[in-house]
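Data first, discussion second: the structure below is written as structure tokens.
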Amino acid sequence: MRYSIYSLIRQALRGHRGWTPAWRDAPPKPSYDVIIVGGGGHGLATAYYLAKVHGISRVAVVEKGYIGSGNAGRNTTIIRSNYLLGGNVPFYELSMKLWERLEQELNYNAMVSQRGVLNLFHSDAQHDAFARRGNAMRIHGVDAELLDLDAVRRMAPFLDFDTARFPIKGGLLQKRGGTARHDAVVWGYARAASNLGVDIIQNCEVTGFLRQGDRITGVETARGRIHAGKVGMAVAGNTSRLAKMVGLRLPIESHVLQAFVTEAIKPLIPGVVTFGAGHFYISQSDKGSLVFGGDLDGYNSYAQRGNLPAVEDVCEEGLALMPILSRLRMLRSWGGIMDMSMDGSPIIDVTPIESLYLNGGWCYGGFKATPASGWCFANLLARGESHQAARAYRLDRFARGYILDEKGMGAQPNLH
Amino acid sequence: MRISCPFCGDRSSGEFSYIGAANGWRPANGSGQTPQQEFEAVYLRDNPAGPHEELWYHAYGCRSWLKVTRDTRTHEVIAVRLAKDAVS
């Protein structure tokens, strides 16, 4: 069923009893051309582009829970392409361009809102660093503006401009950046992929791999064996667990990142604001809640929840940036499993094992990459070669010395 | 999440700095490691969902290095000993 104002009116007149399921709850077939393990944003986007762009629709997305139950359902919704390194900027800008036409392409309201992403800076050195990043963006044709103090004051008057400890000196603004409704992105890709023939198989945990000699020929699941010509892993924080089933050790550590929402209030924060004297980011949902987060807790975790020291740290940063937050009540907090890579940048590559492909290492920046990750992973699965925009995301870059250390922190995943 | 420091007792995890997995990740200089072994030690991780041996530094306490066995699925701390006493 195509969604439109006419379908809305038609269904309203029928008491909304005629809406059909957005995707087929497909039972597993004996075999497919491609199996994608992981029904999050990246896995579903990959399946959609395999069918749409490459004409490969004998595809199954195999998800251990319900689609979007992992990090796709837990992130702080920010989309942006304001990166520094040449290996990163074109990829995230590809994603940004896909975001801009996503809702029309999927015929689904993903609430893509290009409300601007403002990175504040608080010292002369940081001003220079942010100017450098803005120039790197512009060299790649991405929009970037350096705002002075007055411009920031006009854009975000609710910030604390009187603090001597973290004086706001200005900000790097990407106007085209913003937010998108994460659950809708999952459902939009699922519906579009399912309509093109992709089978979405939920409650189907992969428990092992099928092999013929050195080749992967399918997966062992809770719902039986499924054969495939190729298997692509897109399971984010669970990548190491899945890879272990084929004896693969990876440059990934799984860490917990917490996120928070406050009670709903009237419009206060028009765009996304990030704190430069720490790691804190905040925006406001259309429902009125302030959505914010900060650093990782800092230790390996698969628990999908964190601990109170991190909660305190994040709230302290928020209050340093916006004392106005002190009057608000926190409504909800939760955690996800971040696949922290050894340089803070992702991996979209073949593995040493034939017919097994890897998409992971997204750290806490996977949501904004959803469209481009799907686009590039589909390209790799269909054509057997890296997409131009993802050519730096090789698994062997750590051994070869071509790491993409955007933050400059070294092989310390909890610092990325 | 609390860590039972051998000197200081039960402390909030916020008093500690976390370095990461404890399984011999830093090979000694001149110990005859091949480049492949050095690469694996620096960049590859087991990253288990379950009991995990890891190094914590009691930064805001006695400043001891501790080898902690902790379940990464539940955050339950299973064992804590001084790193120097725990041969890796």
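Ordered as shown in the structure tokens, chains take letters A, B, and onward, while each chain numbers its residues from 1 and ligands are numbered from 1 in the order shown.
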
What are the residues of chain B that have an atom within 6 Å of an atom of chain A, counting only C-alpha atoms, as a list of chain:residue names? B:Gly14, B:Tyr43, B:Leu44, B:Arg45, B:Asn47, B:Thr72, B:Arg73, B:Thr74

Which residues come within 6 Å of segment 65-69 of chain B, counting only C-alpha atoms, excluding same-chain residues fewer than 2 positions away, as a tab-separated table (two decimals) with N, CA and C atoms, in the first residue's frame?
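Result file is around_21.tsv:
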```tsv
chain	number	residue	atom	x	y	z
B	52	HIS	N	35.22	-11.72	31.84
B	52	HIS	CA	36.26	-11.01	31.10
B	52	HIS	C	37.35	-10.58	32.06
B	53	GLU	N	38.60	-10.90	31.72
B	53	GLU	CA	39.73	-10.49	32.56
B	53	GLU	C	40.20	-9.13	32.09
B	54	GLU	N	40.23	-8.17	33.00
B	54	GLU	CA	40.56	-6.82	32.57
B	54	GLU	C	41.36	-6.08	33.63
B	55	LEU	N	42.00	-4.99	33.22
B	55	LEU	CA	42.85	-4.20	34.12
B	55	LEU	C	42.16	-2.90	34.48
B	56	TRP	N	42.08	-2.63	35.79
B	56	TRP	CA	41.53	-1.38	36.28
B	56	TRP	C	42.58	-0.71	37.16
B	57	TYR	N	42.62	0.60	37.14
B	57	TYR	CA	43.60	1.36	37.92
B	57	TYR	C	42.83	2.18	38.95
B	78	ILE	N	33.44	-10.76	39.51
B	78	ILE	CA	33.62	-12.14	39.99
B	78	ILE	C	34.85	-12.27	40.87
B	79	ALA	N	35.95	-11.63	40.47
B	79	ALA	CA	37.19	-11.73	41.26
B	79	ALA	C	38.01	-10.47	41.04
B	80	VAL	N	38.74	-10.08	42.12
B	80	VAL	CA	39.65	-8.94	42.02
B	80	VAL	C	40.95	-9.31	42.71
B	81	ARG	N	42.09	-9.08	42.04
B	81	ARG	CA	43.38	-9.25	42.74
B	81	ARG	C	44.34	-8.19	42.21
B	82	LEU	N	45.40	-7.96	42.96
B	82	LEU	CA	46.41	-7.01	42.50
B	82	LEU	C	47.03	-7.56	41.21
B	83	ALA	N	47.22	-6.70	40.23
B	83	ALA	CA	47.74	-7.14	38.94
B	83	ALA	C	49.10	-7.82	39.08
```

Which residue is closest to Ser4 of chain B? Choose from B:Ala28, B:Thr34, B:Phe16, B:Asn23 and count only C-alpha atoms.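 Of B:Ala28, B:Thr34, B:Phe16, B:Asn23, the one nearest Ser4 of chain B is B:Phe16, counting only C-alpha atoms.
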
One decimal, Å: what's the distance from atom CA of His227 of chain A over to atom CA of Leu395 of chain A, could you say? 25.2 Å

Long-range neighbours of Cys8 of chain B as an mmCIF file with C-alpha atoms, in the first residue's frame, 10 Å cut-off, only C-alpha atoms, 6 positions minimum in chain:
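Generated file (selection-v9.cif):
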```cif
data_model
loop_
_atom_site.group_PDB
_atom_site.id
_atom_site.type_symbol
_atom_site.label_atom_id
_atom_site.label_comp_id
_atom_site.auth_asym_id
_atom_site.auth_seq_id
_atom_site.Cartn_x
_atom_site.Cartn_y
_atom_site.Cartn_z
ATOM 1 C CA HIS B 58 42.400 2.720 41.271
ATOM 2 C CA GLY B 61 42.084 5.548 45.751
ATOM 3 C CA CYS B 62 45.279 3.639 46.471
ATOM 4 C CA SER B 64 46.900 0.074 42.573
#
```

Using only C-alpha atoms, determine which residues lie at most 8 Å from Phe158 of chain A, disregarding the query and same-chain residues fewer than 2 positions distant; provide the list as a list of chain:residue names.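 With the cut-off at 8 Å, the set is A:Ala156, A:Asp160, A:Leu268, A:Ile269, A:Met322, A:Ile324.
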
Using the selection just defined, write its residues with C-alpha atoms as a PDB file, in the first residue's frame.
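Generated output (selection-v8.pdb):
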```
ATOM      1  CA  ALA A 156      21.324  29.490  20.969  1.00  0.00           C
ATOM      2  CA  ASP A 160      25.581  29.831  29.499  1.00  0.00           C
ATOM      3  CA  LEU A 268      13.769  25.418  23.671  1.00  0.00           C
ATOM      4  CA  ILE A 269      16.561  23.943  21.526  1.00  0.00           C
ATOM      5  CA  MET A 322      23.077  24.952  30.009  1.00  0.00           C
ATOM      6  CA  ILE A 324      18.701  25.955  32.588  1.00  0.00           C
TER       7      ILE A 324
END
```

As a PyMOL selection string, please: every residue in segment 255-363 of chain A that DSSP puts in alpha helix (DSSP H). chain A and resi 308-321

With distances taken over only C-alpha atoms, which residue among B:Lys84, B:Arg63, B:Arg70, B:Arg2 lies nearest Gly20 of chain B?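 Closest to Gly20 of chain B of all the choices is B:Arg70.
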
Those in chain B with strand (DSSP E) from DSSP, as an MDAnalysis selection string: chainID B and resid 2:5 9:12 17:21 51:57 65:71 77:82
